[in-house]
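Asker: Contents of input38.txt (compact mmCIF, C-alpha atoms):
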```
# COMPACT_ATOMS: atom_id res chain seq x y z
CA MET A 244 8.62 22.89 226.38
CA ALA A 245 6.90 21.12 223.50
CA GLU A 246 9.77 21.96 221.17
CA LYS A 247 12.28 20.64 223.66
CA GLY A 248 10.41 17.32 223.96
CA ASP A 249 10.26 16.93 220.20
CA SER A 250 14.00 17.53 219.93
CA SER A 251 14.72 14.87 222.55
CA ALA A 252 12.53 12.35 220.74
CA THR A 253 14.25 13.07 217.48
CA GLY A 254 17.71 12.50 219.02
CA ALA A 255 16.63 9.21 220.52
CA GLU A 256 15.32 8.04 217.17
CA THR A 257 18.58 9.02 215.42
CA THR A 258 20.64 7.13 217.99
CA SER A 259 18.47 4.05 217.56
CA MET A 260 18.89 4.10 213.76
CA ALA A 261 22.67 4.47 214.08
CA GLU A 262 22.82 1.48 216.36
CA LYS A 263 20.92 -0.59 213.81
CA GLU A 264 23.15 0.47 210.91
CA THR A 265 26.50 0.02 212.74
CA PRO A 266 27.29 -3.57 213.80
CA SER A 267 28.53 -4.05 217.31
CA MET A 268 32.15 -4.95 218.06
CA THR A 269 30.95 -8.40 219.04
CA GLU A 270 29.45 -8.93 215.53
CA LYS A 271 32.67 -7.73 213.82
CA GLN A 272 34.76 -10.08 215.91
CA ALA A 273 32.41 -12.94 215.11
CA SER A 274 32.61 -12.16 211.39
CA SER A 275 36.41 -12.00 211.55
CA ALA A 276 36.56 -15.26 213.45
CA THR A 277 34.33 -16.93 210.87
CA GLY A 278 36.61 -15.71 208.06
CA GLU A 279 39.69 -17.02 209.84
CA GLU A 280 37.97 -20.36 210.39
CA THR A 281 37.04 -20.58 206.68
CA SER A 282 40.63 -19.79 205.63
CA SER A 283 41.95 -22.36 208.07
CA MET A 284 39.58 -25.04 206.73
CA ALA A 285 40.58 -24.23 203.15
CA ALA A 286 44.25 -24.48 204.05
CA GLU A 287 43.64 -27.84 205.70
CA ARG A 288 41.82 -29.13 202.61
CA THR A 289 44.63 -27.92 200.34
CA SER A 290 47.26 -29.55 202.55
CA SER A 291 45.27 -32.78 202.62
CA ALA A 292 44.89 -32.78 198.83
CA GLU A 293 48.61 -32.20 198.33
CA GLY A 294 49.41 -35.08 200.69
CA GLU A 295 46.97 -37.32 198.83
CA GLU A 296 48.58 -36.40 195.50
CA THR A 297 52.04 -37.35 196.72
CA ASP A 298 50.78 -40.61 198.22
CA LEU A 299 48.91 -41.62 195.07
CA GLU A 300 51.89 -40.83 192.86
CA LYS A 301 53.96 -43.35 194.81
CA VAL A 302 51.26 -45.99 194.49
CA VAL A 303 51.06 -45.54 190.72
CA GLU A 304 54.81 -45.88 190.45
CA ARG A 305 54.59 -49.12 192.42
CA VAL A 306 51.72 -50.67 190.49
CA VAL A 307 53.40 -50.21 187.12
CA THR A 308 56.28 -52.39 188.26
CA THR A 309 54.30 -54.97 190.21
CA ILE A 310 51.84 -56.28 187.60
CA PRO A 311 52.85 -59.97 187.47
CA GLU A 312 54.39 -61.35 184.30
CA ASP A 313 53.99 -65.09 184.95
CA ASP A 314 50.50 -65.48 186.44
CA ALA A 315 48.19 -65.10 183.45
CA THR A 316 44.88 -65.40 185.34
CA TYR A 317 45.80 -62.89 188.00
CA LYS A 318 47.20 -60.57 185.37
CA ILE A 319 43.87 -60.52 183.51
CA ASP A 320 42.10 -59.57 186.75
CA ILE A 321 44.63 -56.81 187.30
CA MET A 322 44.18 -55.42 183.80
CA ASN A 323 40.36 -55.48 184.05
CA GLU A 324 40.49 -53.58 187.33
CA SER A 325 43.01 -51.19 185.76
CA ARG A 326 40.59 -50.34 182.99
CA ARG A 327 37.85 -49.60 185.51
CA LEU A 328 40.11 -47.28 187.45
CA LEU A 329 41.23 -45.46 184.33
CA SER A 330 37.56 -44.75 183.56
CA LEU A 331 37.25 -43.38 187.08
CA LEU A 332 40.31 -41.19 186.51
CA LYS A 333 38.69 -39.78 183.39
CA GLU A 334 35.72 -38.69 185.49
CA MET A 335 38.08 -37.19 188.05
CA LYS A 336 39.76 -35.08 185.38
CA LEU A 337 36.45 -33.81 184.07
CA ASN A 338 35.29 -32.88 187.58
CA GLN A 339 38.72 -31.45 188.52
CA THR A 340 38.75 -33.55 191.69
CA VAL A 341 41.75 -34.71 193.67
CA GLY A 342 42.15 -38.31 194.76
CA LEU A 343 39.97 -41.33 194.05
CA GLY A 344 37.24 -40.11 196.38
CA ARG A 345 35.95 -43.57 197.30
CA GLY A 346 36.56 -43.57 201.03
CA ASP A 347 39.12 -45.22 203.28
CA GLY A 348 37.63 -48.71 202.95
CA ASP A 349 37.84 -48.79 199.18
CA ARG A 350 41.28 -47.17 199.29
CA ALA A 351 42.52 -49.91 201.63
CA PHE A 352 41.18 -52.58 199.27
CA LEU A 353 42.89 -50.98 196.29
CA ASP A 354 46.17 -50.78 198.18
CA GLU A 355 45.87 -54.46 199.01
CA GLN A 356 45.30 -55.43 195.38
CA LEU A 357 48.03 -53.08 194.15
CA VAL A 358 45.91 -51.88 191.28
CA ILE A 359 45.54 -48.24 192.18
CA LEU A 360 46.33 -46.56 188.88
CA GLY A 361 45.20 -43.00 189.43
CA SER A 362 47.94 -40.58 190.33
CA GLY A 363 45.31 -38.12 191.43
CA GLN A 364 47.58 -35.27 190.49
CA ASN A 365 45.69 -32.49 188.82
CA TRP A 366 48.54 -30.57 187.20
CA LEU A 367 47.20 -27.93 184.85
CA ASN A 368 49.39 -26.25 182.27
CA ASP A 369 47.66 -24.01 179.72
CA GLY A 370 44.43 -25.86 180.44
CA ASN A 371 45.80 -29.35 179.63
CA LEU A 372 45.98 -32.05 182.30
CA LYS A 373 49.40 -33.70 182.48
CA CYS A 374 50.05 -36.94 184.28
CA ALA A 375 52.99 -39.05 183.08
CA MET A 376 52.10 -41.90 185.42
CA VAL A 377 48.61 -42.32 184.02
CA ASP A 378 50.01 -42.10 180.47
CA ARG A 379 52.47 -44.87 181.25
CA VAL A 380 49.72 -47.10 182.54
CA SER A 381 47.62 -46.31 179.46
CA VAL A 382 50.47 -47.48 177.25
CA GLU A 383 50.80 -50.64 179.37
CA LEU A 384 47.13 -51.44 178.86
CA LEU A 385 47.27 -50.84 175.13
CA LEU A 386 50.35 -53.03 174.74
CA GLU A 387 48.45 -55.73 176.61
CA LYS A 388 45.59 -55.45 174.12
CA LEU A 389 48.01 -56.11 171.25
CA SER A 390 48.10 -59.73 172.38
CA SER A 391 44.30 -60.04 172.24
CA SER A 392 41.85 -60.52 169.37
CA LEU A 393 42.35 -58.87 165.98
CA PRO A 394 39.75 -56.12 166.61
CA ASP A 395 41.46 -55.34 169.93
CA GLN A 396 44.84 -55.24 168.17
CA ASN A 397 43.55 -52.81 165.55
CA GLU A 398 42.03 -50.55 168.19
CA ALA A 399 45.10 -50.63 170.43
CA ALA A 400 47.47 -49.94 167.52
CA LYS A 401 45.41 -46.93 166.45
CA ASP A 402 45.34 -45.56 170.00
CA LEU A 403 49.08 -46.07 170.46
CA GLN A 404 49.80 -44.29 167.20
CA MET A 405 47.69 -41.29 168.26
CA LEU A 406 49.00 -41.16 171.84
CA THR A 407 52.67 -41.38 170.88
CA LYS A 408 52.18 -38.67 168.29
CA ALA A 409 50.55 -36.31 170.76
CA LYS A 410 52.23 -36.98 174.12
CA PRO A 411 55.96 -37.08 174.92
CA SER A 412 55.20 -38.96 178.16
CA CYS A 413 53.66 -41.80 176.13
CA ARG A 414 56.77 -41.98 173.95
CA GLU A 415 58.94 -42.01 177.06
CA ALA A 416 56.87 -44.87 178.50
CA PHE A 417 58.36 -47.31 175.97
CA SER A 418 61.78 -46.87 177.56
CA LYS A 419 60.32 -47.53 181.03
CA LEU A 420 58.05 -50.55 180.54
CA ASN A 421 59.45 -54.07 180.39
CA GLY A 422 59.46 -55.60 176.92
CA ALA A 423 57.57 -52.67 175.40
CA ILE A 424 59.28 -52.87 171.99
CA SER A 425 58.76 -56.62 171.69
CA ARG A 426 55.08 -56.29 172.57
CA LEU A 427 54.61 -53.42 170.13
CA LEU A 428 56.07 -55.45 167.26
CA SER A 429 54.51 -58.79 168.23
CA PRO A 430 51.47 -58.59 165.88
CA LEU A 431 53.73 -58.17 162.81
CA SER A 432 55.13 -61.17 160.95
CA LEU A 433 58.47 -61.02 159.16
CA THR A 434 57.21 -63.43 156.50
CA LYS A 435 54.01 -61.52 155.76
CA VAL A 436 54.32 -58.10 157.32
CA GLU A 437 51.57 -56.58 155.17
CA SER A 438 48.87 -59.16 156.05
CA ASN A 439 46.94 -56.44 157.92
CA PRO A 440 47.90 -53.14 156.21
CA GLU A 441 46.06 -50.87 158.64
CA LEU A 442 47.56 -52.54 161.69
CA GLN A 443 51.00 -52.50 160.05
CA GLU A 444 50.75 -48.79 159.26
CA ASP A 445 49.73 -47.85 162.80
CA LEU A 446 52.48 -49.93 164.43
CA ILE A 447 55.23 -48.73 162.09
CA THR A 448 54.07 -45.15 162.62
CA THR A 449 54.19 -45.71 166.37
CA VAL A 450 57.79 -46.92 166.04
CA LEU A 451 58.60 -43.71 164.15
CA ASN A 452 56.86 -41.60 166.81
CA ILE A 453 58.72 -43.07 169.79
CA LEU A 454 62.11 -42.55 168.14
CA THR A 455 62.05 -38.88 169.12
CA ASP A 456 63.21 -40.20 172.50
CA ASP A 457 66.92 -41.09 172.28
CA ARG A 458 66.54 -43.95 174.76
CA ASN A 459 64.12 -45.58 172.36
CA LYS A 460 66.63 -45.18 169.52
CA HIS A 461 68.93 -47.51 171.43
CA LEU A 462 66.18 -49.99 172.31
CA VAL A 463 64.71 -50.19 168.81
CA GLY A 464 68.10 -50.26 167.07
CA GLU A 465 69.30 -53.17 169.19
CA HIS A 466 66.04 -55.14 169.03
CA PRO A 467 66.53 -58.19 166.77
CA ARG A 468 63.19 -57.84 164.97
CA ALA A 469 62.84 -54.06 164.69
CA ILE A 470 65.10 -53.19 161.74
CA PRO A 471 64.16 -56.33 159.77
CA LEU A 472 60.48 -55.37 160.17
CA LEU A 473 61.21 -51.81 159.06
CA THR A 474 63.08 -53.20 156.05
CA GLU A 475 60.14 -55.42 155.07
CA SER A 476 57.78 -52.49 155.55
CA MET A 477 59.82 -50.46 153.06
CA LYS A 478 58.97 -53.08 150.46
CA TYR A 479 55.43 -54.08 151.43
CA GLY A 480 52.65 -51.93 152.78
CA THR A 481 50.80 -48.69 152.11
CA ASP A 482 52.66 -45.66 150.79
CA GLU A 483 52.41 -44.12 154.26
CA THR A 484 53.83 -47.27 155.84
CA ARG A 485 56.78 -47.32 153.45
CA ARG A 486 57.62 -43.67 154.01
CA ASN A 487 57.37 -44.00 157.78
CA ALA A 488 59.54 -47.13 157.79
CA ILE A 489 62.25 -45.26 155.89
CA ALA A 490 61.85 -42.22 158.16
CA ALA A 491 62.30 -44.53 161.15
CA LEU A 492 65.61 -45.73 159.68
CA VAL A 493 66.66 -42.11 159.23
CA SER A 494 65.88 -41.42 162.87
CA LEU A 495 67.67 -44.57 164.05
CA SER A 496 70.75 -43.70 162.01
CA ALA A 497 71.30 -40.60 164.12
CA LEU A 498 73.19 -42.92 166.49
CA ASP A 499 76.54 -44.15 165.16
CA LEU A 500 76.03 -47.64 166.52
CA ASN A 501 72.74 -47.91 164.64
CA LYS A 502 74.48 -46.94 161.40
CA PHE A 503 76.53 -50.11 161.64
CA ILE A 504 73.52 -52.23 162.68
CA ILE A 505 71.42 -50.97 159.76
CA GLY A 506 74.30 -51.42 157.33
CA SER A 507 74.61 -55.06 158.34
CA SER A 508 70.87 -55.77 158.36
CA GLY A 509 70.07 -56.02 154.68
CA ALA A 510 68.31 -52.65 154.56
CA LEU A 511 70.64 -50.98 152.04
CA ALA A 512 69.44 -52.71 148.87
CA PRO A 513 65.74 -51.98 149.62
CA LEU A 514 66.64 -48.31 150.13
CA LEU A 515 68.16 -48.22 146.65
CA GLU A 516 65.09 -50.00 145.30
CA VAL A 517 62.98 -47.16 146.67
CA MET A 518 65.31 -44.74 144.87
CA CYS A 519 64.58 -46.56 141.61
CA VAL A 520 60.81 -46.92 141.68
CA GLY A 521 59.49 -45.16 144.77
CA HIS A 522 57.17 -42.20 145.16
CA PRO A 523 59.05 -38.85 145.23
CA LEU A 524 58.29 -38.44 148.95
CA ALA A 525 59.66 -41.92 149.61
CA ILE A 526 62.71 -41.15 147.46
CA LYS A 527 63.34 -38.05 149.56
CA GLU A 528 63.26 -40.10 152.77
CA ALA A 529 65.50 -42.75 151.20
CA ALA A 530 67.99 -40.06 150.17
CA SER A 531 68.11 -38.80 153.76
CA ALA A 532 68.67 -42.34 155.02
CA ILE A 533 71.47 -43.07 152.53
CA ARG A 534 73.20 -39.76 153.24
CA SER A 535 73.10 -40.42 156.99
CA LEU A 536 74.23 -44.05 156.70
CA CYS A 537 77.10 -43.11 154.39
CA LYS A 538 78.79 -41.18 157.15
CA VAL A 539 80.17 -44.62 158.01
CA TYR A 540 82.80 -45.71 155.47
CA GLU A 541 81.66 -49.34 155.52
CA ASN A 542 78.21 -48.27 154.35
CA GLN A 543 79.69 -46.08 151.62
CA ASP A 544 81.50 -49.15 150.37
CA LYS A 545 78.34 -51.28 150.38
CA PHE A 546 76.18 -48.66 148.67
CA THR A 547 78.81 -48.10 145.97
CA LYS A 548 79.05 -51.82 145.26
CA LEU A 549 75.24 -51.98 145.03
CA GLY A 550 75.30 -49.38 142.23
CA ALA A 551 74.18 -46.32 144.17
CA VAL A 552 76.09 -43.81 142.02
CA LYS A 553 74.48 -44.95 138.78
CA ILE A 554 70.98 -45.02 140.29
CA ILE A 555 71.31 -41.57 141.83
CA LEU A 556 72.74 -40.03 138.65
CA GLN A 557 69.81 -41.40 136.65
CA LYS A 558 67.32 -39.78 139.01
CA ILE A 559 69.18 -36.48 138.80
CA LYS A 560 69.00 -36.62 135.01
CA GLU A 561 65.24 -37.19 135.34
CA GLY A 562 65.07 -33.96 137.34
CA ILE A 563 63.92 -35.67 140.55
CA LEU A 564 65.02 -34.10 143.85
CA VAL A 565 68.23 -32.76 142.31
CA ASP A 566 69.40 -30.85 145.38
CA GLU A 567 68.87 -33.80 147.75
CA LEU A 568 70.45 -36.39 145.47
CA LEU A 569 73.48 -34.24 144.73
CA GLY A 570 73.92 -34.12 148.51
CA VAL A 571 74.03 -37.93 148.58
CA LEU A 572 76.58 -37.98 145.75
CA ALA A 573 78.69 -35.46 147.65
CA VAL A 574 78.92 -37.89 150.59
CA LEU A 575 79.67 -40.85 148.30
CA SER A 576 82.34 -38.86 146.44
CA THR A 577 84.75 -39.40 149.33
CA HIS A 578 84.87 -43.13 148.49
CA ASN A 579 87.47 -44.30 145.97
CA ASP A 580 85.14 -46.59 144.01
CA ALA A 581 82.52 -43.86 143.70
CA VAL A 582 85.19 -41.44 142.51
CA GLU A 583 86.02 -43.75 139.63
CA GLU A 584 82.41 -43.60 138.44
CA LEU A 585 82.07 -39.87 139.01
CA GLY A 586 85.41 -39.30 137.26
CA ASP A 587 84.08 -40.72 134.01
CA PRO A 588 84.52 -37.92 131.40
CA ASP A 589 80.83 -37.73 130.50
CA THR A 590 79.72 -37.75 134.12
CA PHE A 591 82.32 -35.19 135.10
CA GLN A 592 81.20 -32.89 132.28
CA TYR A 593 77.55 -33.38 133.24
CA LEU A 594 78.28 -32.21 136.79
CA ILE A 595 80.12 -29.17 135.40
CA ASP A 596 77.09 -28.32 133.27
CA ILE A 597 74.79 -28.55 136.30
CA LYS A 598 77.06 -26.18 138.22
CA ARG A 599 77.07 -23.66 135.39
CA ASN A 600 73.37 -23.75 134.55
CA THR A 601 71.50 -24.41 137.78
CA ALA A 602 69.53 -21.70 139.54
CA SER A 603 69.87 -23.57 142.83
CA GLU A 604 72.66 -22.42 145.12
CA ILE A 605 72.50 -25.77 146.94
CA ALA A 606 72.97 -27.73 143.70
CA ARG A 607 75.84 -25.48 142.65
CA LYS A 608 77.68 -25.94 145.97
CA LYS A 609 77.17 -29.72 145.96
CA CYS A 610 78.51 -29.97 142.41
CA ILE A 611 81.61 -28.02 143.40
CA GLU A 612 82.09 -30.34 146.39
CA ILE A 613 81.77 -33.46 144.19
CA LEU A 614 84.09 -32.12 141.50
CA PHE A 615 86.67 -31.15 144.10
CA ASN A 616 86.59 -34.60 145.74
CA VAL A 617 86.91 -36.32 142.36
CA SER A 618 89.82 -34.12 141.37
CA MET A 619 91.62 -34.81 144.64
CA LEU A 620 90.97 -38.54 144.90
CA GLU A 621 90.90 -39.74 141.31
CA LYS A 622 93.93 -41.84 140.36
CA PRO A 623 94.83 -40.95 136.76
CA SER A 624 96.27 -43.50 134.39
CA PHE A 625 99.59 -42.80 132.69
CA GLY A 626 99.17 -39.97 130.22
CA ASP A 627 95.82 -38.81 131.67
CA GLU A 628 97.28 -35.92 133.68
CA LYS A 629 97.16 -33.63 130.64
CA LYS A 630 93.47 -34.47 130.01
CA LYS A 631 92.58 -33.81 133.65
CA SER A 632 94.32 -30.44 133.54
CA ARG A 633 92.00 -29.34 130.72
CA ARG A 634 88.84 -29.88 132.76
CA LEU A 635 87.16 -26.59 133.49
CA VAL A 636 85.38 -26.53 136.81
```
Would you put the structure from the file into structure tokens?
Answerer:
Amino acid sequence: MAEKGDSSATGAETTSMAEKETPSMTEKQASSATGEETSSMAAERTSSAEGEETDLEKVVERVVTTIPEDDATYKIDIMNESRRLLSLLKEMKLNQTVGLGRGDGDRAFLDEQLVILGSGQNWLNDGNLKCAMVDRVSVELLLEKLSSSLPDQNEAAKDLQMLTKAKPSCREAFSKLNGAISRLLSPLSLTKVESNPELQEDLITTVLNILTDDRNKHLVGEHPRAIPLLTESMKYGTDETRRNAIAALVSLSALDLNKFIIGSSGALAPLLEVMCVGHPLAIKEAASAIRSLCKVYENQDKFTKLGAVKIILQKIKEGILVDELLGVLAVLSTHNDAVEELGDPDTFQYLIDIKRNTASEIARKKCIEILFNVSMLEKPSFGDEKKKSRRLV
């Protein structure tokens, strides 16, 4: 009987332990319900954040186009508030938050003032935050600073140069904002473009940077001060400024219309001046510009009359950038006046010698192209046909 009692006690104890270890159905259901509630709350927060992002994007689009142009006092207030909000956006990015997070009352006030600048969109791509709207507003603020004091101009020009180098959306902004090219160039004077070399270098470099966007090629090319300022910057400024000014002309000349504009602007003679006395890197940029511009016959004619063939041949004889400069001569060799110079017996023989002795395949091909063009286009005088037939190419 004692054994039977012990066994019963043991069974009761085992049952009690099992009940403690195994949760009841009611507990499981409660846990499941809690999980569903948590998921539902998370989904609601995500949906709310997405709605906020879309709403804020529209506001940013609106504010960029509603900053007043004619009310100077109000505009200053707008810009000051804009700077404050951009600082707030910086904090948002660091904290990976969505929205301005200042409550409905502050949001209503910002809507009323139309100075909400944060898009609130936290788009991550390879760890980098992208927000074209905020970038556009940043450019707007920096362009505004270019009309301020000299220290502000220097700081804004440096920031614009860095932003347009790093971010395509900042380059695109110049085609979206009203008067952006005029405001960018406003600190530079045509009569003394190099008065502030650092400012000049940053602004000219910014012009070069934004020309990767084809819409800006049109805007800059057609702006009445842009090409004249680039031309002056080829002549006056730091070495970096001069090279970037020439590179900007190369980029602009990718559009046929700009080839004509540049050719009529007075930029051709300074390009040849760079060929004469410039740094080898500047000469290389100038050669690219001349080759591109000479795809228009009118520019070929102007360069030839300015003595381009003689200048380029002299540089080739000095051993400077032979491949590149022979490429320029190859383009010029389709012009009748250039052919007359290249058809000179000594010059013709010199080109033959380059073809025979060069180790460069590019130089050899360009010489053949020049010699062929000269042979086809040259107009021999009476009795010269026999001499031409003896030329060995």
Asker: Please provide as an MDAnalysis selection string all residues within 12 Å of Gln396 (chain A), with the sequence filter that same-chain residues fewer than 2 positions apart are discarded (counting only C-alpha atoms).
Answerer: chainID A and resid 384:394 398:403 426:431 439 441:443 445:446
Asker: Have a look at CA of Ala530 (chain A) and CA of Leu569 (chain A) and let me know their distance in Å, one decimal.
Answerer: 9.7 Å
Asker: The residues within 12 Å of (63.4, -43.7, 162.7), using all atoms listed in the file and the coordinates of the file, should be reported as a CSV table (one decimal) with C-alpha atoms, in the frame of the given file; which are they?
Answerer:
```
chain,number,residue,atom,x,y,z
A,447,ILE,CA,55.2,-48.7,162.1
A,448,THR,CA,54.1,-45.2,162.6
A,449,THR,CA,54.2,-45.7,166.4
A,450,VAL,CA,57.8,-46.9,166.0
A,451,LEU,CA,58.6,-43.7,164.2
A,452,ASN,CA,56.9,-41.6,166.8
A,453,ILE,CA,58.7,-43.1,169.8
A,454,LEU,CA,62.1,-42.6,168.1
A,455,THR,CA,62.0,-38.9,169.1
A,456,ASP,CA,63.2,-40.2,172.5
A,457,ASP,CA,66.9,-41.1,172.3
A,459,ASN,CA,64.1,-45.6,172.4
A,460,LYS,CA,66.6,-45.2,169.5
A,461,HIS,CA,68.9,-47.5,171.4
A,462,LEU,CA,66.2,-50.0,172.3
A,463,VAL,CA,64.7,-50.2,168.8
A,464,GLY,CA,68.1,-50.3,167.1
A,469,ALA,CA,62.8,-54.1,164.7
A,470,ILE,CA,65.1,-53.2,161.7
A,473,LEU,CA,61.2,-51.8,159.1
A,474,THR,CA,63.1,-53.2,156.0
A,485,ARG,CA,56.8,-47.3,153.4
A,486,ARG,CA,57.6,-43.7,154.0
A,487,ASN,CA,57.4,-44.0,157.8
A,488,ALA,CA,59.5,-47.1,157.8
A,489,ILE,CA,62.2,-45.3,155.9
A,490,ALA,CA,61.8,-42.2,158.2
A,491,ALA,CA,62.3,-44.5,161.2
A,492,LEU,CA,65.6,-45.7,159.7
A,493,VAL,CA,66.7,-42.1,159.2
A,494,SER,CA,65.9,-41.4,162.9
A,495,LEU,CA,67.7,-44.6,164.0
A,496,SER,CA,70.8,-43.7,162.0
A,497,ALA,CA,71.3,-40.6,164.1
A,498,LEU,CA,73.2,-42.9,166.5
A,501,ASN,CA,72.7,-47.9,164.6
A,502,LYS,CA,74.5,-46.9,161.4
A,505,ILE,CA,71.4,-51.0,159.8
A,528,GLU,CA,63.3,-40.1,152.8
A,529,ALA,CA,65.5,-42.8,151.2
A,531,SER,CA,68.1,-38.8,153.8
A,532,ALA,CA,68.7,-42.3,155.0
A,535,SER,CA,73.1,-40.4,157.0
```
Asker: Pick the closest to Leu433 (chain A) from A:Lys478, A:Lys408, A:Lys419, A:Arg414: which is it, counting all atoms listed in the file?
Answerer: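 Closest to Leu433 (chain A) of all the choices is A:Lys478.
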Asker: What does the distance from CA of Glu475 (chain A) to CA of Glu567 (chain A) come to in Å, to one decimal?
Answerer: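 Computing the Euclidean distance for CA of Glu475 (chain A) and CA of Glu567 (chain A) yields 24.4 Å.
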Asker: If I take CA of Ile504 (chain A) and CA of Glu465 (chain A), how far is one from the other in Å, to one decimal?
Answerer: 7.8 Å
Asker: For Asn421 (chain A), which of A:Arg534, A:Arg379, A:His522, A:Lys435 is the closest residue, counting all atoms listed in the file?
Answerer: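 For Asn421 (chain A), the nearest of the candidates is A:Arg379.
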Asker: Of the residues A:Ala409, A:Ala606, A:Ile533, A:Val574, which is the one nearest to Ala510 (chain A), using all atoms listed in the file?
Answerer: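 Of all the options, A:Ile533 lies closest to Ala510 (chain A).
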Asker: Can you tell me which residues surround Cys610 (chain A) at a distance of at most 8 Å, considering all atoms listed in the file, apart from same-chain residues fewer than 5 positions away, and format the answer as a list of chain:residue names?
Answerer: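 Once the adjacent positions are removed, what remains is A:Leu569, A:Ala573, A:Leu594, A:Ile595, A:Ile597, A:Lys598.
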Asker: Could the residues in this selection be saved with C-alpha atoms as a PDB file, keeping the file's coordinate frame?
Answerer:
```
ATOM      1  CA  LEU A 569      73.480 -34.240 144.730  1.00  0.00           C
ATOM      2  CA  ALA A 573      78.690 -35.460 147.650  1.00  0.00           C
ATOM      3  CA  LEU A 594      78.280 -32.210 136.790  1.00  0.00           C
ATOM      4  CA  ILE A 595      80.120 -29.170 135.400  1.00  0.00           C
ATOM      5  CA  ILE A 597      74.790 -28.550 136.300  1.00  0.00           C
ATOM      6  CA  LYS A 598      77.060 -26.180 138.220  1.00  0.00           C
TER       7      LYS A 598
END
```
Asker: Missing atoms in region 512-528 of chain A: can you complete it with N, CA and C atoms, as a short mmCIF file (atom, residue, chain, number, x, y, z; two decimals), in the frame of the given file?
Answerer:
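Wrote it out as selection.cif, contents follow:
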```cif
data_model
loop_
_atom_site.label_atom_id
_atom_site.label_comp_id
_atom_site.auth_asym_id
_atom_site.auth_seq_id
_atom_site.Cartn_x
_atom_site.Cartn_y
_atom_site.Cartn_z
N ALA A 512 69.98 -52.44 150.21
CA ALA A 512 69.44 -52.71 148.87
C ALA A 512 67.98 -52.25 148.74
N PRO A 513 67.10 -52.51 149.72
CA PRO A 513 65.74 -51.98 149.62
C PRO A 513 65.68 -50.46 149.55
N LEU A 514 66.60 -49.78 150.23
CA LEU A 514 66.64 -48.31 150.13
C LEU A 514 66.93 -47.87 148.71
N LEU A 515 67.86 -48.55 148.05
CA LEU A 515 68.16 -48.22 146.65
C LEU A 515 67.00 -48.59 145.73
N GLU A 516 66.27 -49.63 146.08
CA GLU A 516 65.09 -50.00 145.30
C GLU A 516 64.05 -48.89 145.37
N VAL A 517 63.90 -48.31 146.53
CA VAL A 517 62.98 -47.16 146.67
C VAL A 517 63.45 -46.01 145.79
N MET A 518 64.76 -45.79 145.73
CA MET A 518 65.31 -44.74 144.87
C MET A 518 64.95 -44.98 143.41
N CYS A 519 64.87 -46.23 143.02
CA CYS A 519 64.58 -46.56 141.61
C CYS A 519 63.12 -46.35 141.25
N VAL A 520 62.22 -46.85 142.09
CA VAL A 520 60.81 -46.92 141.68
C VAL A 520 59.86 -46.28 142.69
N GLY A 521 60.36 -45.68 143.73
CA GLY A 521 59.49 -45.16 144.77
C GLY A 521 58.83 -43.84 144.43
N HIS A 522 57.84 -43.50 145.24
CA HIS A 522 57.17 -42.20 145.16
C HIS A 522 58.20 -41.11 145.52
N PRO A 523 58.08 -39.91 144.91
CA PRO A 523 59.05 -38.85 145.23
C PRO A 523 59.23 -38.57 146.72
N LEU A 524 58.14 -38.65 147.50
CA LEU A 524 58.29 -38.44 148.95
C LEU A 524 59.10 -39.56 149.59
N ALA A 525 58.88 -40.79 149.10
CA ALA A 525 59.66 -41.92 149.61
C ALA A 525 61.12 -41.80 149.17
N ILE A 526 61.34 -41.34 147.94
CA ILE A 526 62.71 -41.15 147.46
C ILE A 526 63.43 -40.12 148.32
N LYS A 527 62.72 -39.08 148.71
CA LYS A 527 63.34 -38.05 149.56
C LYS A 527 63.76 -38.63 150.90
N GLU A 528 62.90 -39.46 151.51
CA GLU A 528 63.26 -40.10 152.77
C GLU A 528 64.43 -41.06 152.58
#
```
